[in-house]
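J.: Let me give you the structure first, and then I'll get to my questions.
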Amino acid sequence: MNQKAIIKRCKELGCCDACCIRYLGIKTPSAYENAQEYVLKISADKAGQPQKPETNIEPEPVTEPTDNFPQDVKTEAPEGATGTTEATSCEQSTCSELLVADNSCETDDSCGEPQPKRKKLEGVCVTCLGVLQEENWPQCWNMVQEMLEKKRYECATFACALSAPIATILRERIVALHLRDACAAYDDASLTPLKEAWKWSFGARLAAHVRLSLDSGAVSPLLVTLHIEYPDDMQELEVLKALSPGLFSARRAAGRRFGVEFTRRSVEQALAGATLDALRTRAQLSEAPPVRARAQCVSVVCTHAPLYLGGRYVKLSRALPQTPWLVNGVRMMHSSVQEIICQPIAALYQMGVEDAEHRLKFMSAGREDVDVRCLGDGRPFAIEITDPTRQPSEAELSELCEQISASGHVRVRRLTPVSRDDLAELKKGEETKCKTYELLCIKLSRSADDEPATNGSASEHAAGAGVAVTARDIARVNAYRNTPAGDAARVLLQQRTPVRVLHRRPLLTRARRILELSARPVPGHPALLVVRVRTEAGTYVKEWAHGELGRTRPRLGDALGARADILALDVAAVELDWPRRPPPTTTHCDPLLL
Amino acid sequence: MEEISILDSIPDLNNFKTFTDRYFSKRYITDVDGIKNNDIMIMFHSNRIALLSLAPSHFFFSKNEEYKVNYTVGKVDRLKNSVRGKSKRGGQQLGPKSVICKIEFEDGTGFEIPCCMKGTLVEVNEELVNQPKLLKEMPDADGYIAIILSSIAISEATKSELLTHEEYLKVLDSCEIKN
Ligand SMILES: [Zn+2]
C-alpha cells in the first residue's frame with residue numbers, strides 16, 4: 001500500500017502528523033513520539049528524495065502555546081475568552097456552555113439560514129481536534145501537575161487515560177471513508193485508536209513533565225484521567241439522527257435511562273456500515289466539518305487504586321456496636337469497632353471526618369451483638385481505602401495496631417495488605433465458617449433429679465435462688481444430643497427468625513447445627529454454668545440459650561433438664577484463617593545454598 | 001495478652017431480668033369491652049414488634065378449670081396465618097376489636113381474647129394448642145398468644161395510650177380498695 005499517498009490524502013483533508021500515522025495503522029509507540037519527523041521520513045523515503053510533506057496545517061508557534069485563537073477569528077461570539085492564558089477548568093466549562101448556548105439558534109428555524117458563528121480555525125486537526133497536537137499539551141500538563149500536587153501521591157508510576165470528544169469518532173469515520181475512496185486497498189479498520197496514539201505521544205511527554213514513569217493501567221495503581229471536551233461535540237453529532245433515524249428514535253422511545261442520546265456506543269452504532277454516499281445524501285456531510293474551536297482539557301481526575309488492609313479484631317466491650325448504631329439518625333452508642341479501627345487510618349492519610357466516611361470502608365466476616373465480646377484470635381475484618389496516597393509501611397501498620405489497641409475496647413494485633421480476591425474469601429467466610437462461643441448461663445428451675453430443698457447462699461429474691469447446677473446437670477449437658485449417635489452434629493435446631501430482627505427480615509424457620517457442646521460449673525455461683533458450643537454459621541446462640549419463648553427448639557433447658565437463661569456471651573473463635581499469615585521465614589540456612 | 005474469661009461478666013443476680021423484661025416494655029389495658037378483669041398485656045419490642053398476652057390480673061388466672069385454646073375465630077383460622085417477605089405480606093389484618101383466639105373451658109364456658117391494637121398478625125403461638133397450660137404458667141414468656149407487627153407510629157401511639165406497669169399497679173390497687 002502506498003503510505004505516501006495515504007499521508008498526502010490525510011494532509012489534504014486536514015489531519016495532523018500523528019493522525020496521518022494513525023491512518024497508516026502504525027502501532028509503534030516511538031513513531032508517535034516525534035510524529036512530524038516520522039511523516040517527513042516516509043514522504044522522503046518513498047519519493048526517493050527528501051521533501052517536506054504537503055501540509056495545510058501550520059503548527060502554531062510553540063512560544064505561544066496558550067493562545068488558542070488566532071487574532072483574525074475574533075467574532076461576535078465570546079469564544080475569545082477560551083484563548084485566555086492559564087484558564088482554569090471551571091472557566092473553560094463556563095465558556096463551553098456559552099458557546100453551545102450561542103450556537104443554539106442554528107437549530108432554531110426562526111434564525112432562517114444557519115449562520116455559523118465561528119469561522120474555521122486554522123491549524124487544528126480535523127480528526128483529533130487537537131488532542132494529538134503538541135501545542136495543546138502544556139496546558140494539560142500543568143493541569144495534571146496541579147492536581148497531583150494537590151493530592152500528594154507518593155507513587156513512582158502512573159497510567160493515563162483519555163476521555164475524548166465523541167465527535168472524533170464521526171470525524172475518524174469520514175476521513176477513513178475518504179481514504180478508502182482514494183486508495184482501493186486501504187483497510188479502514190487498521191486505524192490506530194486515538195487513546196493509544198495519545199498515550200504514546202502525549203503520555204510519554206507528560207511523564208517527563210511530572211517526573212513519574214508511565215506504566216499501563218494494569219500495573220500502576222495511580223490513574224490520571226484527562227477529560228478533553230470540544231464545544232461543538234454534541235451539535236456535530238446531530239447529523240447522525242438523519243443518517244440513522246431509527247436508532248435514535250428507538251433510544252428516545254426507550255426513555256430517560258440513556259440520559260444522553262450520543263454516547264460512544266450509539267455513535268459507533270450509527271456509523272456502522274455508513275458510506276460516503278449515505279453521509280453525503282442523508283447527513284449532508286461530504287467531509288469532516290470545519291473545526292471552529294479546538295478541544296480542550298476541562299478537568300483532570302487522579303485516583304489511586306484502592307488499598308485493602310486485613311486483620312482480626314478482638315472486642316473487649318459489652319457496650320460497643322461493631323458499626324455505628326443509628327436509630328432514626330440518632331446514634332445510640334458513642335463509638336463502634338469500625339470507628340475505633342478507622343480513626344487512626346484516617347489520621348495516617350490526613351482525611352477529615354467526612355472524607356474518611358467516604359473513603360474508608362469497613363468489612364468483616366460477620367458481626368457480634370453490641371453486648372457480645374469477641375475474644376481469642378478475634379474476628380477477621382478488612383478496610384478498603386479509596387484513593388490512598390500511598391501504601392503504608394510495615395512500621396506504620398504496627399503503629400496503627402498500637403493506636404487502635406490504645407482505645408482499650410478493641411485490639412488488633414496485626415494489619416496486613418490484602419488483595420481484592422482475599423476480600424471475597426472474607427465475605428464467603430461469613431456464611432460458611434463455624435464459630436465457638438462461651439455462654440454464661442443460669443439455671444432457673446429445679447431439675448427432676450434435684451434434692452427437694454436446696455438452700456443456696458444467694459438471697460431469696462435473686463434469680464436462681466434455691467437452685468444449683470449439679471454434677472448430674474453438667475453430665476446431662478455434656479452427653480446431650482438430639483441427633484443419631486455418630487452424627488457430626490450434637491444438636492439439630494429449628495430456629496424461627498428472632499423477634500429482635502423480625503421487623504426487617506422475613507419470618508422463616510431455619511435448621512442450624514450445634515457441632516460441639518459442653519458445660520462446666522461456676523465455682524462460688526451454684527446457679528450458674530458456663531456452656532461452650534461450636535456452631536455452624538448463622539446459628540442464633542442467645543436464642544438457643546433462652547429458647548426465645550419456645551421459638552427455637554430444642555433449647556439449652558432441654559439439655560439441662562431445667563429452665564435456663566443466658567447472662568453473657570463471648571465469641572471464643574471464628575474459624576476462618578484470614579488474613580492468611582505469610583509462611584514463616586526459615587531461620588536456618590539451607591545447606592544446599594551454602 | 002492477659003486471659004479474659006466470661007467469669008468476669010457475672011452480673012448481680014438480684015437484678016436479673018427475664019427475657020421479656022430485658023427486651024420488651026409491658027403495657028396494660030384493663031376491663032376490655034367493659035368486662036371486669038378482662039385485662040390484656042401487650043409487650044412492645046423497641047423494633048415495633050408486639051407480643052399479645054394476658055395480664056396477671058385477668059380473671060382467667062383465678063379459674064381452676066381445664067381449658068383449650070382455639071385459634072379459629074368465625075371463619076378465620078389464625079393457625080393458617082402466613083406472612084411473606086420482609087414486609088410480612090399476606091398476614092391477617094387486625095384491629096383493636098379483632099379476636100385472636102378463644103379460651104374454651106371444659107364446663108362449656110369461655111371467653112375471647114381481643115387484640116387491642118391495629119397491626120398485621122405475624123405469628124400465633126401454636127404451642128398453646130398442644131400445651132394450654134403454658135398460658136396459665138408463663139403468660140409473659142412461652143405462654144404468649146400472638147406476635148403482631150405494626151407501624152412505628154401505631155406502635156408508639158398504642159404504647160402511650162395503654163397503661164405502663166406502674167399505672168397498671170395503681171389501677172389494681174384502687175380496684176382492691178373499691179371492693
Ligand atoms: Zn490529529
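A note on labels: chains of the C-alpha cells are A, B, ... as shown, every chain counts residues from 1, and ligands are counted from 1 in their shown order.
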Show me which bits of chain B are within 9 Å of chain A, counting only C-alpha atoms, as a VMD selection string.

T.: chain B and resid 4 to 7 9 to 20 23 45 to 49 82 to 88 122 to 123 125 127 140 to 144 147 149

J.: Residues at most 6 Å from ligand 1, using only C-alpha atoms and all ligand atoms? Could they come as an mmCIF file with all heavy atoms, in the first residue's frame?

T.:
```
data_model
loop_
_atom_site.group_PDB
_atom_site.id
_atom_site.type_symbol
_atom_site.label_atom_id
_atom_site.label_comp_id
_atom_site.auth_asym_id
_atom_site.auth_seq_id
_atom_site.Cartn_x
_atom_site.Cartn_y
_atom_site.Cartn_z
ATOM 1 N N CYS A 15 -5.540 16.570 8.366
ATOM 2 C CA CYS A 15 -5.113 15.812 9.541
ATOM 3 C C CYS A 15 -3.742 16.262 10.047
ATOM 4 O O CYS A 15 -2.905 16.705 9.265
ATOM 5 C CB CYS A 15 -5.026 14.322 9.213
ATOM 6 S SG CYS A 15 -6.624 13.605 8.857
ATOM 7 N N CYS A 16 -3.512 16.082 11.336
ATOM 8 C CA CYS A 16 -2.197 16.364 11.908
ATOM 9 C C CYS A 16 -1.265 15.186 11.621
ATOM 10 O O CYS A 16 -1.708 14.132 11.180
ATOM 11 C CB CYS A 16 -2.303 16.617 13.416
ATOM 12 S SG CYS A 16 -2.708 15.148 14.390
ATOM 13 N N ALA A 18 0.327 13.160 13.650
ATOM 14 C CA ALA A 18 0.057 11.952 14.435
ATOM 15 C C ALA A 18 -1.135 11.183 13.853
ATOM 16 O O ALA A 18 -1.127 9.950 13.788
ATOM 17 C CB ALA A 18 -0.201 12.309 15.893
ATOM 18 N N CYS A 19 -2.166 11.933 13.416
ATOM 19 C CA CYS A 19 -3.325 11.249 12.839
ATOM 20 C C CYS A 19 -2.957 10.574 11.516
ATOM 21 O O CYS A 19 -3.461 9.495 11.202
ATOM 22 C CB CYS A 19 -4.498 12.211 12.672
ATOM 23 S SG CYS A 19 -5.305 12.563 14.267
ATOM 24 N N CYS A 125 -6.326 19.898 13.843
ATOM 25 C CA CYS A 125 -6.542 18.663 13.107
ATOM 26 C C CYS A 125 -8.035 18.334 13.007
ATOM 27 O O CYS A 125 -8.757 18.385 14.001
ATOM 28 C CB CYS A 125 -5.806 17.532 13.813
ATOM 29 S SG CYS A 125 -6.176 15.909 13.138
ATOM 30 N N THR A 127 -9.367 15.522 12.585
ATOM 31 C CA THR A 127 -9.733 14.245 13.190
ATOM 32 C C THR A 127 -9.682 14.293 14.715
ATOM 33 O O THR A 127 -10.668 14.036 15.389
ATOM 34 C CB THR A 127 -8.807 13.115 12.709
ATOM 35 O OG1 THR A 127 -8.856 13.059 11.298
ATOM 36 C CG2 THR A 127 -9.238 11.789 13.297
ATOM 37 N N CYS A 128 -8.504 14.659 15.240
ATOM 38 C CA CYS A 128 -8.350 14.583 16.697
ATOM 39 C C CYS A 128 -8.719 15.892 17.375
ATOM 40 O O CYS A 128 -8.719 15.965 18.597
ATOM 41 C CB CYS A 128 -6.936 14.142 17.067
ATOM 42 S SG CYS A 128 -5.683 15.355 16.661
ATOM 43 N N GLY A 130 -7.139 18.410 17.837
ATOM 44 C CA GLY A 130 -6.028 19.000 18.586
ATOM 45 C C GLY A 130 -5.511 18.133 19.715
ATOM 46 O O GLY A 130 -4.477 18.428 20.301
ATOM 47 N N LEU A 132 -3.967 15.385 19.703
ATOM 48 C CA LEU A 132 -2.620 14.848 19.479
ATOM 49 C C LEU A 132 -1.624 15.930 19.075
ATOM 50 O O LEU A 132 -0.496 15.617 18.713
ATOM 51 C CB LEU A 132 -2.673 13.755 18.399
ATOM 52 C CG LEU A 132 -3.499 12.517 18.736
ATOM 53 C CD1 LEU A 132 -3.506 11.537 17.574
ATOM 54 C CD2 LEU A 132 -2.951 11.839 19.991
#
```

J.: Quick one: pull the distance between atom CA of Leu237 of chain A and atom CA of Ala167 of chain A, Å, one decimal.

T.: 6.4 Å

J.: From a DSSP pass on the backbone, collect the residues of segment 121-310 of chain A flagged as strand (DSSP E) and hand them back as a ChimeraX atom specification.

T.: /A:157-163,213-214,222-229,296-304,307-310

J.: Extract, using only C-alpha atoms, all DNA, RNA and protein residues at most 7 Å from Ile29 of chain B, discarding same-chain residues fewer than 5 positions from it, and format them as a PyMOL selection string.

T.: chain B and resi 39-41+162-163

J.: Please produce a file of the residues just selected, as a JSON list (two decimals), in the first residue's frame, where the atoms kept are N, CA and C atoms.

T.:
```
[["chain", "number", "residue", "atom", "x", "y", "z"],
["B", 39, "ASP", "N", -58.32, -8.32, 81.37],
["B", 39, "ASP", "CA", -57.11, -7.48, 81.36],
["B", 39, "ASP", "C", -56.06, -8.08, 80.40],
["B", 40, "ILE", "N", -55.60, -7.23, 79.51],
["B", 40, "ILE", "CA", -54.66, -7.68, 78.46],
["B", 40, "ILE", "C", -53.31, -7.02, 78.68],
["B", 41, "MET", "N", -52.26, -7.73, 78.34],
["B", 41, "MET", "CA", -50.91, -7.17, 78.37],
["B", 41, "MET", "C", -50.33, -7.24, 76.96],
["B", 162, "LEU", "N", -51.90, 2.96, 76.30],
["B", 162, "LEU", "CA", -52.09, 1.91, 77.30],
["B", 162, "LEU", "C", -51.38, 2.26, 78.60],
["B", 163, "LEU", "N", -51.71, 1.50, 79.66],
["B", 163, "LEU", "CA", -51.13, 1.75, 80.98],
["B", 163, "LEU", "C", -49.71, 1.21, 81.06]]
```

J.: Give me, please, the distance in Å between atom CA of Pro344 of chain A and atom CA of Phe362 of chain A, quoted to one decimal.

T.: 13.4 Å

J.: Between B:Arg22, B:Lys80, B:His165, B:Lys97, which residue has the minimum interatomic distance to Glu112 of chain B, considering only C-alpha atoms?

T.: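 Closest to Glu112 of chain B of all the choices is B:Lys97.
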
J.: Please provide the set of residues having any atom within 7 Å of Glu106 of chain B, restricted to only C-alpha atoms, with same-chain residues fewer than 3 positions apart removed, written as number ranges by chain.

T.: B: 65-67

J.: If we count only C-alpha atoms, what is near Leu515 of chain A at a cut-off of 7 Å, once residues fewer than 3 positions away on the same chain are taken out, given as a VMD selection string?

T.: chain A and resid 488 to 491 534 to 535

J.: Take atom CA of Lys102 of chain B and atom CA of His58 of chain B and report the distance between them in Å, one decimal.

T.: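 Separation between atom CA of Lys102 of chain B and atom CA of His58 of chain B: 14.2 Å.
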
J.: Residues of segment 14-66 of chain B in helix (DSSP H, G or I) according to DSSP, as a PyMOL selection string?

T.: chain B and resi 14-15+19-23+32-34+59-62

J.: Could you pull the residues within 8 Å of Gln338 of chain A, counting only C-alpha atoms, minus those fewer than 3 positions along the same chain, as a ChimeraX atom specification?

T.: /A:322-324,341-342,362

J.: Leu492 of chain A: which residues within 12 Å, counting only C-alpha atoms, same-chain residues fewer than 5 positions away excluded, as a list in words?

T.: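 Counting only the stated atoms, we get Tyr480, Arg481, Asn482, Thr483, Pro484, Asp487, Arg510, Ala511, Arg512, Arg513, Ile514, Leu515, Glu516, Leu517, Thr535, Glu536, Thr539, Trp544, Thr552, Arg553, Pro554 and Arg555 of chain A.
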